[in-house]
>>> print(open('coords.txt').read())   # compact mmCIF, C-alpha atoms
# COMPACT_ATOMS: atom_id res chain seq x y z
CA MET A 1 -73.15 45.89 21.04
CA LYS A 2 -71.18 42.71 20.31
CA PRO A 3 -68.73 41.61 23.03
CA TYR A 4 -65.08 42.09 22.21
CA ARG A 5 -63.40 38.86 21.19
CA PRO A 6 -59.63 38.70 20.87
CA LYS A 7 -58.23 37.42 17.62
CA ILE A 8 -57.56 33.68 17.68
CA PRO A 9 -53.78 33.17 17.53
CA THR A 10 -52.37 31.26 14.57
CA PRO A 11 -50.54 28.10 15.67
CA ARG A 12 -47.00 27.83 14.35
CA PHE A 13 -44.61 24.91 14.12
CA GLN A 14 -40.85 24.84 14.49
CA ILE A 15 -38.21 22.14 14.37
CA ILE A 16 -35.94 21.59 17.37
CA ASN A 17 -33.39 19.05 18.68
CA ARG A 18 -31.55 18.77 15.39
CA ARG A 19 -29.54 15.55 15.43
CA PRO A 20 -26.48 14.43 13.45
CA ASN A 21 -28.59 11.84 11.58
CA GLY A 22 -30.70 14.63 10.10
CA GLN A 23 -33.76 14.00 12.29
CA CYS A 24 -35.52 16.72 14.25
CA LEU A 25 -38.62 17.16 16.40
CA ILE A 26 -41.64 19.26 15.35
CA GLN A 27 -42.88 21.54 18.13
CA LEU A 28 -46.16 23.53 18.29
CA ARG A 29 -45.84 27.20 19.24
CA PHE A 30 -48.93 29.07 20.43
CA ASN A 31 -49.53 32.50 21.96
CA VAL A 32 -51.41 32.28 25.29
CA ASN A 33 -52.19 35.76 26.67
CA GLY A 34 -49.00 37.20 25.26
CA LYS A 35 -46.86 34.30 26.43
CA ARG A 36 -45.23 32.08 23.83
CA THR A 37 -46.14 28.51 24.80
CA HIS A 38 -44.67 25.32 23.35
CA PHE A 39 -46.09 21.82 23.06
CA SER A 40 -44.28 18.84 21.58
CA THR A 41 -46.01 17.01 18.73
CA SER A 42 -43.63 14.05 19.28
CA ILE A 43 -43.30 13.85 15.48
CA ASN A 44 -39.76 13.39 14.13
CA ILE A 45 -38.82 14.13 10.53
CA GLU A 46 -35.72 14.68 8.43
CA ILE A 47 -34.68 18.35 8.46
CA LYS A 48 -34.45 18.46 4.65
CA HIS A 49 -38.15 17.48 4.41
CA TRP A 50 -39.41 20.45 6.47
CA ASN A 51 -40.92 23.49 4.73
CA PRO A 52 -40.79 26.39 7.29
CA LYS A 53 -42.66 28.76 5.00
CA ARG A 54 -45.66 26.46 4.56
CA GLN A 55 -45.36 25.07 8.10
CA GLN A 56 -45.62 21.48 6.91
CA VAL A 57 -43.65 18.51 5.63
CA LYS A 58 -42.71 18.51 1.97
CA GLN A 59 -44.24 15.96 -0.37
CA VAL A 60 -41.34 13.64 -1.21
CA ARG A 61 -41.49 10.99 -3.89
CA GLY A 62 -42.06 7.58 -2.35
CA LYS A 63 -43.18 9.04 1.00
CA GLU A 64 -46.39 10.71 -0.09
CA ASP A 65 -48.69 8.74 2.24
CA ALA A 66 -46.45 9.10 5.32
CA HIS A 67 -45.91 12.84 4.84
CA ARG A 68 -49.57 13.47 4.04
CA ASP A 69 -50.43 11.72 7.30
CA ILE A 70 -47.97 13.94 9.24
CA ASN A 71 -49.42 17.11 7.70
CA GLN A 72 -52.92 15.99 8.64
CA ARG A 73 -51.76 15.39 12.21
CA LEU A 74 -50.17 18.86 12.34
CA GLU A 75 -53.40 20.37 11.09
CA ARG A 76 -55.26 18.56 13.85
CA PHE A 77 -52.80 19.95 16.46
CA SER A 78 -53.61 23.43 15.15
CA GLU A 79 -57.35 22.81 15.36
CA ILE A 80 -57.10 21.52 18.94
CA ALA A 81 -55.03 24.53 20.05
CA GLN A 82 -57.56 26.98 18.61
CA GLU A 83 -60.52 25.02 20.02
CA ILE A 84 -59.00 25.26 23.50
CA PHE A 85 -58.44 29.00 23.08
CA VAL A 86 -62.09 29.59 22.09
CA GLU A 87 -63.54 27.30 24.78
CA TYR A 88 -61.62 29.11 27.53
CA ASP A 89 -63.35 32.44 26.87
CA TYR A 90 -61.10 33.34 23.95
CA GLY A 91 -58.00 32.93 26.05
CA ARG A 92 -59.16 35.02 29.01
CA ALA A 93 -59.43 31.96 31.28
CA LEU A 94 -56.37 30.27 29.82
CA THR A 95 -52.85 29.98 31.20
CA PRO A 96 -49.83 28.33 29.54
CA GLU A 97 -50.00 25.47 32.06
CA LEU A 98 -53.73 24.91 31.48
CA PHE A 99 -53.20 25.07 27.72
CA LYS A 100 -50.53 22.35 27.86
CA GLN A 101 -52.71 20.21 30.13
CA GLN A 102 -55.68 20.46 27.77
CA MET A 103 -53.48 19.71 24.75
CA ALA A 104 -52.18 16.58 26.48
CA ILE A 105 -55.73 15.44 27.33
CA ARG A 106 -57.15 16.08 23.89
CA CYS A 107 -54.16 14.46 22.20
CA GLY A 108 -54.75 11.30 24.21
CA ARG A 109 -51.55 11.46 26.25
CA VAL A 110 -53.40 11.66 29.56
CA GLU A 111 -56.97 10.82 30.49
CA ASP A 112 -59.45 13.56 31.28
CA PRO A 113 -60.81 12.74 34.76
CA ASN A 114 -63.99 14.68 33.97
CA THR A 115 -64.92 12.69 30.86
CA LYS A 116 -66.20 9.13 31.16
CA ALA A 117 -67.90 7.18 28.38
CA THR A 118 -71.28 5.64 29.21
CA THR A 119 -71.87 3.68 25.98
CA LEU A 120 -69.71 1.45 23.78
CA PHE A 121 -69.80 3.96 20.93
CA GLN A 122 -68.76 6.86 23.17
CA PHE A 123 -65.82 4.85 24.43
CA VAL A 124 -64.73 3.76 20.92
CA GLU A 125 -64.75 7.38 19.72
CA GLN A 126 -62.52 8.40 22.63
CA PHE A 127 -60.29 5.36 22.17
CA ILE A 128 -59.71 6.02 18.47
CA GLU A 129 -59.01 9.71 19.03
CA ALA A 130 -56.44 8.81 21.70
CA GLU A 131 -54.79 6.33 19.32
CA GLN A 132 -54.65 8.92 16.53
CA ASN A 133 -52.93 11.45 18.78
CA LYS A 134 -50.36 9.18 20.38
CA PRO A 135 -46.76 10.34 19.83
CA ASN A 136 -45.99 7.04 18.09
CA ALA A 137 -49.36 6.81 16.32
CA LYS A 138 -49.41 4.37 13.42
CA ARG A 139 -51.88 5.14 10.68
CA GLY A 140 -52.44 1.46 9.92
CA THR A 141 -53.51 0.78 13.51
CA TRP A 142 -56.00 3.59 14.09
CA LYS A 143 -57.31 3.23 10.53
CA LYS A 144 -58.18 -0.39 11.36
CA TYR A 145 -60.04 0.72 14.49
CA LEU A 146 -61.93 3.38 12.53
CA THR A 147 -62.95 0.87 9.85
CA VAL A 148 -64.37 -1.54 12.43
CA PHE A 149 -66.16 1.32 14.20
CA ASN A 150 -67.78 2.29 10.90
CA HIS A 151 -68.99 -1.31 10.47
CA LEU A 152 -70.48 -1.24 13.97
CA ARG A 153 -72.24 2.07 13.31
CA ASP A 154 -73.66 0.84 10.00
CA PHE A 155 -74.85 -2.35 11.70
CA ALA A 156 -76.51 -0.39 14.51
CA ALA A 157 -78.23 1.84 11.95
CA ALA A 158 -79.52 -1.26 10.14
CA GLN A 159 -80.99 -2.36 13.48
CA GLY A 160 -82.68 1.03 13.89
CA LYS A 161 -80.26 2.19 16.63
CA ASP A 162 -78.15 5.33 16.95
CA SER A 163 -75.64 3.67 19.24
CA LEU A 164 -74.71 0.43 20.98
CA ASP A 165 -74.49 0.11 24.77
CA PHE A 166 -72.16 -2.32 26.52
CA SER A 167 -75.25 -4.33 27.50
CA ASP A 168 -76.16 -4.79 23.80
CA ILE A 169 -73.20 -7.12 23.33
CA ASN A 170 -74.52 -10.66 23.72
CA TRP A 171 -74.75 -13.90 21.74
CA GLN A 172 -77.63 -12.56 19.68
CA PHE A 173 -75.50 -9.55 18.75
CA ARG A 174 -72.70 -11.89 17.65
CA SER A 175 -75.03 -13.92 15.42
CA ASP A 176 -76.75 -10.88 13.89
CA PHE A 177 -73.50 -8.98 13.34
CA ILE A 178 -71.77 -11.90 11.59
CA ASN A 179 -74.79 -12.54 9.37
CA TRP A 180 -74.88 -8.83 8.51
CA LEU A 181 -71.17 -8.89 7.55
CA TYR A 182 -71.77 -11.90 5.31
CA SER A 183 -74.85 -10.44 3.61
CA PRO A 184 -74.67 -8.48 0.30
CA PRO A 185 -73.54 -5.90 -0.54
CA ARG A 186 -70.81 -6.44 2.09
CA SER A 187 -70.17 -10.18 1.52
CA HIS A 188 -67.11 -10.20 3.79
CA SER A 189 -64.84 -13.22 3.86
CA GLN A 190 -64.80 -15.35 6.99
CA ASN A 191 -61.28 -14.14 7.80
CA ASN A 192 -62.26 -10.50 7.42
CA ALA A 193 -65.32 -11.02 9.62
CA ALA A 194 -63.04 -12.73 12.17
CA LYS A 195 -60.74 -9.67 12.21
CA ILE A 196 -63.68 -7.29 12.66
CA LEU A 197 -65.02 -9.35 15.55
CA ALA A 198 -61.54 -9.54 17.12
CA VAL A 199 -61.21 -5.73 17.09
CA THR A 200 -64.74 -5.41 18.55
CA LYS A 201 -63.61 -7.67 21.39
CA GLN A 202 -60.54 -5.45 21.82
CA PHE A 203 -62.80 -2.39 22.26
CA LEU A 204 -64.73 -4.24 24.96
CA ARG A 205 -61.55 -5.39 26.69
CA GLU A 206 -60.06 -1.88 26.74
CA ALA A 207 -63.33 -0.43 28.12
CA GLU A 208 -63.45 -3.11 30.82
CA LYS A 209 -59.89 -2.22 31.88
CA ARG A 210 -61.12 1.31 32.51
CA GLY A 211 -64.02 0.08 34.65
CA LEU A 212 -66.69 1.18 32.16
CA HIS A 213 -68.63 -2.11 32.12
CA SER A 214 -68.76 -5.61 33.60
CA ASN A 215 -70.21 -7.46 30.57
CA ARG A 216 -67.82 -10.39 30.06
CA ILE A 217 -69.80 -12.31 27.45
CA TYR A 218 -67.18 -11.44 24.85
CA THR A 219 -64.61 -13.55 26.78
CA GLN A 220 -66.67 -16.74 26.56
CA LYS A 221 -65.42 -19.56 24.37
CA GLY A 222 -66.70 -19.33 20.82
CA PHE A 223 -67.64 -15.66 20.91
CA GLY A 224 -64.90 -14.93 18.39
CA LEU A 225 -64.80 -16.36 14.88
CA ARG A 226 -62.34 -18.97 13.65
CA ARG A 227 -60.28 -18.07 10.62
CA THR A 228 -60.16 -20.34 7.62
CA LYS A 229 -57.13 -21.34 5.55
CA THR A 230 -57.01 -19.50 2.23
CA THR A 231 -54.54 -19.04 -0.62
CA ALA A 232 -55.82 -15.80 -2.03
CA LYS A 233 -52.43 -14.10 -2.23
CA VAL A 234 -49.63 -14.69 -4.69
CA ARG A 235 -46.21 -16.13 -4.04
CA LEU A 236 -43.52 -16.43 -6.76
CA THR A 237 -41.09 -19.37 -6.71
CA PHE A 238 -37.33 -19.03 -7.16
CA SER A 239 -37.77 -20.26 -10.75
CA GLU A 240 -40.37 -17.56 -11.45
CA LEU A 241 -38.14 -14.92 -9.88
CA GLU A 242 -35.35 -15.98 -12.27
CA GLN A 243 -37.75 -15.47 -15.19
CA LEU A 244 -38.67 -12.08 -13.80
CA ALA A 245 -35.02 -11.06 -13.45
CA ALA A 246 -34.16 -12.27 -16.97
CA VAL A 247 -36.82 -10.33 -18.90
CA ASP A 248 -35.42 -7.32 -20.80
CA LEU A 249 -37.22 -4.15 -19.71
CA SER A 250 -34.58 -1.63 -20.77
CA ASP A 251 -37.03 0.03 -23.18
CA THR A 252 -39.45 0.74 -20.31
CA PRO A 253 -37.42 2.12 -17.36
CA ARG A 254 -40.58 2.56 -15.28
CA LEU A 255 -41.30 -1.18 -15.42
CA GLU A 256 -37.63 -2.03 -14.94
CA ARG A 257 -37.53 -0.04 -11.69
CA ALA A 258 -40.66 -1.78 -10.40
CA ARG A 259 -39.20 -5.21 -11.25
CA ASP A 260 -35.89 -4.42 -9.54
CA LEU A 261 -37.59 -3.14 -6.38
CA PHE A 262 -39.79 -6.24 -6.27
CA LEU A 263 -36.67 -8.45 -6.36
CA VAL A 264 -35.22 -6.41 -3.48
CA GLY A 265 -38.30 -7.34 -1.45
CA CYS A 266 -38.04 -10.99 -2.49
CA PHE A 267 -34.44 -11.25 -1.27
CA THR A 268 -34.67 -9.18 1.92
CA GLY A 269 -38.14 -10.11 3.21
CA ALA A 270 -38.70 -6.42 3.95
CA ARG A 271 -42.04 -4.63 3.68
CA PHE A 272 -42.55 -2.11 0.87
CA SER A 273 -42.18 0.77 3.37
CA ASP A 274 -38.63 -0.42 4.16
CA TRP A 275 -37.29 -1.04 0.66
CA HIS A 276 -35.89 2.48 0.34
CA LYS A 277 -33.75 1.81 3.44
CA VAL A 278 -31.65 -0.72 1.55
CA SER A 279 -28.56 1.43 0.89
CA ARG A 280 -24.76 1.47 1.26
CA GLU A 281 -25.01 2.87 4.80
CA ASN A 282 -26.88 -0.26 5.90
CA ILE A 283 -24.22 -2.71 4.66
CA ILE A 284 -22.17 -4.62 7.25
CA GLU A 285 -18.94 -6.27 6.09
CA GLU A 286 -18.40 -9.74 7.58
CA PRO A 287 -15.76 -12.42 6.84
CA GLU A 288 -18.52 -14.65 5.47
CA GLY A 289 -19.87 -11.89 3.22
CA GLN A 290 -21.99 -8.78 3.32
CA LEU A 291 -25.05 -8.33 5.56
CA ILE A 292 -27.69 -5.64 5.37
CA GLN A 293 -29.44 -4.22 8.44
CA ILE A 294 -32.84 -2.52 8.35
CA LEU A 295 -34.78 -0.76 11.12
CA THR A 296 -38.33 -1.65 10.12
CA GLN A 297 -40.92 1.12 9.98
CA LYS A 298 -43.94 -0.89 11.12
CA VAL A 299 -42.68 -2.59 14.28
CA ARG A 300 -39.38 -0.68 14.77
CA ASN A 301 -37.19 -3.73 15.14
CA ARG A 302 -33.73 -4.32 13.66
CA VAL A 303 -33.51 -6.96 10.94
CA VAL A 304 -30.28 -8.33 9.44
CA VAL A 305 -30.17 -10.45 6.26
CA PRO A 306 -27.41 -11.58 3.86
CA VAL A 307 -26.77 -9.61 0.69
CA PHE A 308 -27.62 -12.24 -1.94
CA PRO A 309 -26.08 -11.92 -5.44
CA VAL A 310 -29.36 -10.72 -6.95
CA LEU A 311 -29.63 -7.97 -4.34
CA ALA A 312 -25.95 -7.01 -4.73
CA GLY A 313 -26.41 -6.65 -8.49
CA ILE A 314 -29.43 -4.37 -8.11
CA LEU A 315 -27.68 -2.20 -5.49
CA GLU A 316 -24.68 -1.79 -7.82
CA LYS A 317 -27.01 -0.98 -10.71
CA TYR A 318 -28.53 1.95 -8.83
CA SER A 319 -25.30 2.99 -7.07
CA TYR A 320 -26.80 1.92 -3.72
CA GLN A 321 -29.60 4.52 -4.04
CA LEU A 322 -32.77 2.60 -4.88
CA PRO A 323 -35.54 4.43 -6.74
CA GLU A 324 -38.64 5.45 -4.80
CA ILE A 325 -42.09 4.69 -6.22
CA SER A 326 -45.51 5.25 -4.69
CA ILE A 327 -47.31 2.08 -3.61
CA GLN A 328 -50.14 2.75 -6.08
CA HIS A 329 -47.81 3.08 -9.08
CA PHE A 330 -45.72 0.12 -7.96
CA ASN A 331 -48.68 -2.26 -7.66
CA ARG A 332 -49.88 -1.18 -11.09
CA ASP A 333 -46.48 -1.62 -12.74
CA ILE A 334 -45.52 -4.94 -11.14
CA LYS A 335 -48.71 -6.48 -12.54
CA THR A 336 -47.64 -5.38 -16.02
CA VAL A 337 -44.13 -6.79 -15.48
CA CYS A 338 -45.47 -10.17 -14.32
CA LYS A 339 -47.91 -10.29 -17.23
CA ILE A 340 -44.92 -10.00 -19.57
CA ALA A 341 -42.54 -12.36 -17.74
CA LEU A 342 -44.96 -14.90 -16.22
CA LYS A 343 -47.86 -15.01 -18.66
CA ASP A 344 -48.30 -18.77 -18.17
CA SER A 345 -48.07 -18.81 -14.36
CA ARG A 346 -51.33 -19.62 -12.58
CA PHE A 347 -52.39 -20.65 -9.11
CA GLN A 348 -55.49 -21.92 -7.37
CA ARG A 349 -57.02 -19.11 -5.39
CA ILE A 350 -58.98 -20.40 -2.40
CA TYR A 351 -60.95 -17.60 -0.79
CA SER A 352 -63.97 -16.90 1.38
CA GLU A 353 -66.89 -14.73 0.32
CA GLY A 354 -70.01 -14.18 2.38
CA GLY A 355 -68.83 -16.90 4.75
CA ASP A 356 -68.50 -19.52 1.96
CA THR A 357 -65.17 -20.99 0.82
CA LYS A 358 -64.63 -20.82 -2.95
CA ALA A 359 -61.86 -21.74 -5.40
CA GLU A 360 -60.78 -20.57 -8.84
CA ILE A 361 -57.73 -20.76 -11.12
CA VAL A 362 -56.31 -17.29 -11.80
CA GLU A 363 -53.29 -15.74 -13.50
CA LYS A 364 -50.59 -14.81 -11.00
CA TRP A 365 -50.01 -11.41 -12.58
CA GLU A 366 -53.62 -10.44 -11.84
CA ARG A 367 -53.14 -10.85 -8.09
CA VAL A 368 -49.49 -9.85 -7.58
CA SER A 369 -48.69 -6.83 -5.40
CA SER A 370 -45.85 -5.48 -3.27
CA HIS A 371 -46.72 -7.88 -0.44
CA ALA A 372 -46.11 -10.87 -2.73
CA ALA A 373 -42.38 -10.14 -2.44
CA ARG A 374 -42.35 -10.67 1.31
CA ARG A 375 -44.49 -13.82 1.08
CA SER A 376 -42.21 -15.17 -1.64
CA PHE A 377 -39.15 -14.58 0.56
CA ALA A 378 -40.61 -16.46 3.53
CA SER A 379 -42.07 -19.32 1.46
CA ASN A 380 -39.05 -19.87 -0.79
CA PHE A 381 -36.41 -19.88 1.92
CA TRP A 382 -38.46 -22.14 4.18
CA GLU A 383 -38.78 -24.60 1.27
CA ALA A 384 -35.02 -24.32 0.78
CA GLY A 385 -34.51 -25.60 4.32
CA ILE A 386 -34.10 -22.43 6.41
CA PRO A 387 -35.72 -23.12 9.82
CA ALA A 388 -38.91 -21.22 10.61
CA ALA A 389 -37.35 -19.85 13.81
CA LEU A 390 -34.67 -18.02 11.80
CA LEU A 391 -37.09 -16.70 9.19
CA MET A 392 -39.41 -15.44 11.93
CA GLN A 393 -36.60 -13.15 13.10
CA ILE A 394 -36.95 -11.38 9.76
CA THR A 395 -40.71 -11.62 9.12
CA GLY A 396 -41.56 -10.63 12.70
CA HIS A 397 -44.07 -13.44 13.35
CA SER A 398 -44.26 -14.23 17.07
CA THR A 399 -45.40 -17.86 16.75
CA GLU A 400 -44.78 -20.66 14.27
CA LYS A 401 -48.55 -21.01 13.89
CA GLN A 402 -48.73 -17.45 12.55
CA PHE A 403 -45.72 -18.03 10.32
CA PHE A 404 -47.09 -21.18 8.70
CA GLU A 405 -50.46 -19.50 8.14
CA TYR A 406 -48.58 -16.69 6.39
CA ILE A 407 -46.37 -18.63 3.98
CA ASP A 408 -47.75 -20.25 0.85
CA ILE A 409 -46.93 -23.92 1.45
CA SER A 410 -49.24 -26.82 0.61
CA GLN A 411 -49.56 -29.88 2.83
CA GLU A 412 -47.70 -31.91 0.20
CA GLN A 413 -44.82 -29.42 0.16
CA ALA A 414 -44.70 -29.40 3.95
CA ALA A 415 -44.60 -33.21 3.99
CA ARG A 416 -41.74 -33.29 1.45
CA GLN A 417 -39.79 -30.71 3.45
CA PHE A 418 -40.34 -32.66 6.67
CA ALA A 419 -39.15 -35.89 5.00
CA LYS A 420 -36.02 -34.16 3.70
CA MET A 421 -35.11 -32.69 7.08
CA ALA A 422 -36.01 -35.87 8.96
CA LEU A 423 -33.67 -37.95 6.76
CA GLU A 424 -30.81 -35.54 7.48
CA VAL A 425 -31.47 -35.88 11.23
CA LEU A 426 -31.50 -39.69 11.01
CA LYS A 427 -28.27 -39.75 8.98
CA LYS A 428 -26.52 -37.74 11.67
CA ARG A 429 -27.63 -40.25 14.29
CA GLU A 430 -26.22 -43.24 12.38
>>> encode(input="coords.txt", output="structure tokens")
Amino acid sequence: MKPYRPKIPTPRFQIINRRPNGQCLIQLRFNVNGKRTHFSTSINIEIKHWNPKRQQVKQVRGKEDAHRDINQRLERFSEIAQEIFVEYDYGRALTPELFKQQMAIRCGRVEDPNTKATTLFQFVEQFIEAEQNKPNAKRGTWKKYLTVFNHLRDFAAAQGKDSLDFSDINWQFRSDFINWLYSPPRSHSQNNAAKILAVTKQFLREAEKRGLHSNRIYTQKGFGLRRTKTTAKVRLTFSELEQLAAVDLSDTPRLERARDLFLVGCFTGARFSDWHKVSRENIIEEPEGQLIQILTQKVRNRVVVPVFPVLAGILEKYSYQLPEISIQHFNRDIKTVCKIALKDSRFQRIYSEGGDTKAEIVEKWERVSSHAARRSFASNFWEAGIPAALLMQITGHSTEKQFFEYIDISQEQAARQFAKMALEVLKKRE
């Protein structure tokens, strides 16, 4: 006779703490031995985007990726809750307090004192899971960790290993791993290989903090990989932006919307994820003119920039409610727009492949994307004489070294800008 097993409760979600700004918190509700138990997901959404019937966030145009990510996280909360219920004798050995404790451990909010990684791969798995379940988890961050972990696993498999121990990390590992990254079919650039190695070092550093190993080879000078200067990404000059703004796209509204949004990025310096935040509510009236403030999605800092005439015209055109486009459709359409408006614009693309630096002349429209708007903003206004320190307040770069690696400025352009600014300084001293 089969043992009786209680039915596994179905996790439910509800929204609480409704705020005047339309935001609310999603809370997990789970039945533990007849007692309704709650656990905060720490996920905030707009009330109008919640679908109580389907127990998930609605798919909203322009926010598909973000909302899909939230729904996946909610699904994972459900899976964890049911796993705990089953593991604790189908709820018989479970109390509301124990349930909440286990949820917090498995969501990475607190460490499980009974679980300690013994290999690098075990630690990385735990580290990534904790990052994914953080209340303020950022998909871009944990996705980066997962990508590097996949590289490490593929490398280990190529070496005939199932896993890597902390003791496996040595100078021979560094040499073999870099050569493997450079080899076909991977053929990573030097900069990409440098990023992968930097994240690998981060894994080792985090594990050392937790007392899991004492292998400090990764801290020795030269263990990392130096990045090389490339110009693989597009930047449009003020002159090219004027051409872009002047082209008549009224017969193709889809392309017109992409062009207008791109110009918003070029004159605010905002990331694509923040373009939709440019609205009437964000306008500040000052005696010198209008300013626009944006709370950035990626790093959650407040940015304030002037409302330039181009930006003001676009905001008026759309009644201060900019259209929302998915990143995939935008990147496709802006290439078409630039092919029409800038068919003769080219640039020298200097890039790294398989560890070798290469160069080629390519059409700008072929390489343009949403990020070109932000690079154009930083590059154009620095050339116009705006100090790097001011621009860094908007771009978010923490050092001038990072900023100058980011902008598309040649040594000749930098020299001309220095000469111009130096002459102004000398004139003031006369």
>>> residues_around(input="coords.txt", residues="stretch 308-313 of chain A", least_positions_apart="6", cutoff="10 Å", atoms="only C-alpha atoms", output="PyMOL selection string")
chain A and resi 242+245+260-261+263-268+278+289-292+319-320
>>> write_last_selection(input="coords.txt", atoms="C-alpha atoms", output="mmCIF file, in the coordinates of the input")
data_model
loop_
_atom_site.group_PDB
_atom_site.id
_atom_site.type_symbol
_atom_site.label_atom_id
_atom_site.label_comp_id
_atom_site.auth_asym_id
_atom_site.auth_seq_id
_atom_site.Cartn_x
_atom_site.Cartn_y
_atom_site.Cartn_z
ATOM 1 C CA GLU A 242 -35.350 -15.980 -12.270
ATOM 2 C CA ALA A 245 -35.020 -11.060 -13.450
ATOM 3 C CA ASP A 260 -35.890 -4.420 -9.540
ATOM 4 C CA LEU A 261 -37.590 -3.140 -6.380
ATOM 5 C CA LEU A 263 -36.670 -8.450 -6.360
ATOM 6 C CA VAL A 264 -35.220 -6.410 -3.480
ATOM 7 C CA GLY A 265 -38.300 -7.340 -1.450
ATOM 8 C CA CYS A 266 -38.040 -10.990 -2.490
ATOM 9 C CA PHE A 267 -34.440 -11.250 -1.270
ATOM 10 C CA THR A 268 -34.670 -9.180 1.920
ATOM 11 C CA VAL A 278 -31.650 -0.720 1.550
ATOM 12 C CA GLY A 289 -19.870 -11.890 3.220
ATOM 13 C CA GLN A 290 -21.990 -8.780 3.320
ATOM 14 C CA LEU A 291 -25.050 -8.330 5.560
ATOM 15 C CA ILE A 292 -27.690 -5.640 5.370
ATOM 16 C CA SER A 319 -25.300 2.990 -7.070
ATOM 17 C CA TYR A 320 -26.800 1.920 -3.720
#
>>> atom_distance(input="coords.txt", atom1="atom CA of A:Gly354", atom2="atom CA of A:Asn179")
8.6 Å
>>> atom_distance(input="coords.txt", atom1="atom CA of A:Lys401", atom2="atom CA of A:Ala388")
10.2 Å
>>> closest_residue(input="coords.txt", among="A:Ile386, A:Val425, A:Ile394, A:Leu225", to="A:Gln190", atoms="all atoms listed in the file")
A:Leu225
>>> residues_around(input="coords.txt", residues="A:Asp248", least_positions_apart="3", cutoff="12 Å", atoms="all atoms listed in the file", output="PDB file with C-alpha atoms, keeping the file's coordinate frame")
ATOM      1  CA  GLN A 243     -37.750 -15.470 -15.190  1.00  0.00           C
ATOM      2  CA  LEU A 244     -38.670 -12.080 -13.800  1.00  0.00           C
ATOM      3  CA  ALA A 245     -35.020 -11.060 -13.450  1.00  0.00           C
ATOM      4  CA  ASP A 251     -37.030   0.030 -23.180  1.00  0.00           C
ATOM      5  CA  THR A 252     -39.450   0.740 -20.310  1.00  0.00           C
ATOM      6  CA  PRO A 253     -37.420   2.120 -17.360  1.00  0.00           C
ATOM      7  CA  LEU A 255     -41.300  -1.180 -15.420  1.00  0.00           C
ATOM      8  CA  GLU A 256     -37.630  -2.030 -14.940  1.00  0.00           C
ATOM      9  CA  ARG A 257     -37.530  -0.040 -11.690  1.00  0.00           C
ATOM     10  CA  ARG A 259     -39.200  -5.210 -11.250  1.00  0.00           C
ATOM     11  CA  ASP A 260     -35.890  -4.420  -9.540  1.00  0.00           C
ATOM     12  CA  VAL A 337     -44.130  -6.790 -15.480  1.00  0.00           C
ATOM     13  CA  ILE A 340     -44.920 -10.000 -19.570  1.00  0.00           C
ATOM     14  CA  ALA A 341     -42.540 -12.360 -17.740  1.00  0.00           C
TER      15      ALA A 341
END
>>> residues_around(input="coords.txt", residues="stretch 202-208 of chain A", least_positions_apart="3", cutoff="9 Å", atoms="only C-alpha atoms", output="PyMOL selection string")
chain A and resi 117+120+123-124+127+145+166+197-199+211-216+218-219
>>> closest_residue(input="coords.txt", among="A:Lys277, A:Arg29, A:Arg302, A:Lys143", to="A:Glu324", atoms="all atoms listed in the file")
A:Lys277
>>> atom_distance(input="coords.txt", atom1="atom CA of A:Lys100", atom2="atom CA of A:Ile84")
10.0 Å
